[in-house]
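Inspection log for the structure reproduced underneath, given as structure tokens.
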Amino acid sequence: MGILNRLFKGVISLFRKKQLSIGIYGPPNAGKTTLANRITRDWTGKPMGKTSEIPHETRRAKERKEVIIKAAGSKINFNIIDTPGIATKIDFHNFVEEFGMKEEKARERAKQATEGVIEAIKWLDNVDGVLLVMDSALDPFNQVNVTLIGNLEARKLPTIIVANKFDLKEASPATIKEAFPQHPTIPISALKGYGMDNLYKAMVKYFG
Amino acid sequence: MEPKKRIMKERGEEGSGISIDLISTERLEELGNEKIRFILDQVKKGKVLVLEKGLTAAEELELIRVTMTEIDLDSFIGVETPGFTGNISRRTFFQRLLGRSPPPRMMVVGPAHLLKTIKKDGRTIEALILTRDEVVEEMAQGPKEVTSSAVPGPEEE
């Protein structure tokens, strides 16, 4: 049985892509880049991008190749793509009024953010799986989450929902699980590193 | 300044009402490939659309993509799209067999400076439509709820 099992896995591996492209998706400020940094720091020693409390900090997709994750007795070579947050509206005045940004800079940020959303949508054609990051402290039924889930299902892309910031007092990963029971949901804190082992096991299991 | 006040001022909309158009399934089907263009054109005119049969997930994503290409920062900041999406976990036997998603459900689409989703769960959506008539009043008193709608979800039909 063991030999047959190894033989089967060996045959499968011949047809498997050498590297799996995994897109990190979600609305702005869900913690996508914090998660990307956590994953790449853990497995390559280097972070991917700058994080900020101001929405739309990531305005261009970033790609890190050769992220080899070892978990649950398996090893998989991932290509991690950190995508800009997807939004249905972008108002530069928010950057000025809520974060004290200069108007010219805020306008430039908003303009780049619209381009970032388009780029993130384009990347959906080039990924093999998705880590959909949601803020556990917020309503999971926001339109971006629902639209993304619908598209990922229509494209039959393997999806893991990452219930980020689960350490916050007001967090409720259970609400996310109830909202989208058809997908595995892994509660983590990308910032503090809690729950990452479970996420790596899930990535190997569902994407591998 | 509140986004709606600012944008309405830019667009010269102060003092006028908001048009709410109910769009039938037949009308949407007639539009075919022009559906997204039609919706966006109406929303950019400041209208709120109630779609009898909402958009598919792919159409919603296309609406977001096209919206992003047309945001002009001063007079159009995007769209708000509260609605019910068919839940894939509740597909019928034949939908599962054919690998199809459930059909889209009712949806509201409006300009983001006028329409705001307050609360949404799988069964109920509460949205706020900010009327133009209240601009001056709100500037003095702060935000005020004008319209609140609770729409029955799939389980309640």
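Following the order of the structure tokens, first chain is A, next is B, and so on, with residues numbered from 1 inside each chain and ligands from 1 in the order they appear.
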Surrounding residues of Val133 in chain A excluding itself and chain neighbours under 3 positions, 12 Å, only C-alpha atoms, as a PyMOL selection string: chain A and resi 23-36+82-86+130+136+138+140+144-145+148-149+159-166+173+176+185-190+199
Test item: chain A residues at most 10 Å from chain B, counting only C-alpha atoms, as a ChimeraX atom specification: /A:86-94,97,107-108,110-111,113-122,139-144,146-156,178-183
Neighbour list for Tyr206 in chain A as JSON, numbers by chain, cut-off 10 Å, only C-alpha atoms, skip fewer than 4 positions in-chain: {"A": [129, 158, 159, 160, 184, 200, 201, 202]}
Contacts of Ser21 in chain A within 7 Å, only C-alpha atoms, excl. fewer than 6 positions in-chain, as number ranges by chain: A: 78-80, 127-129
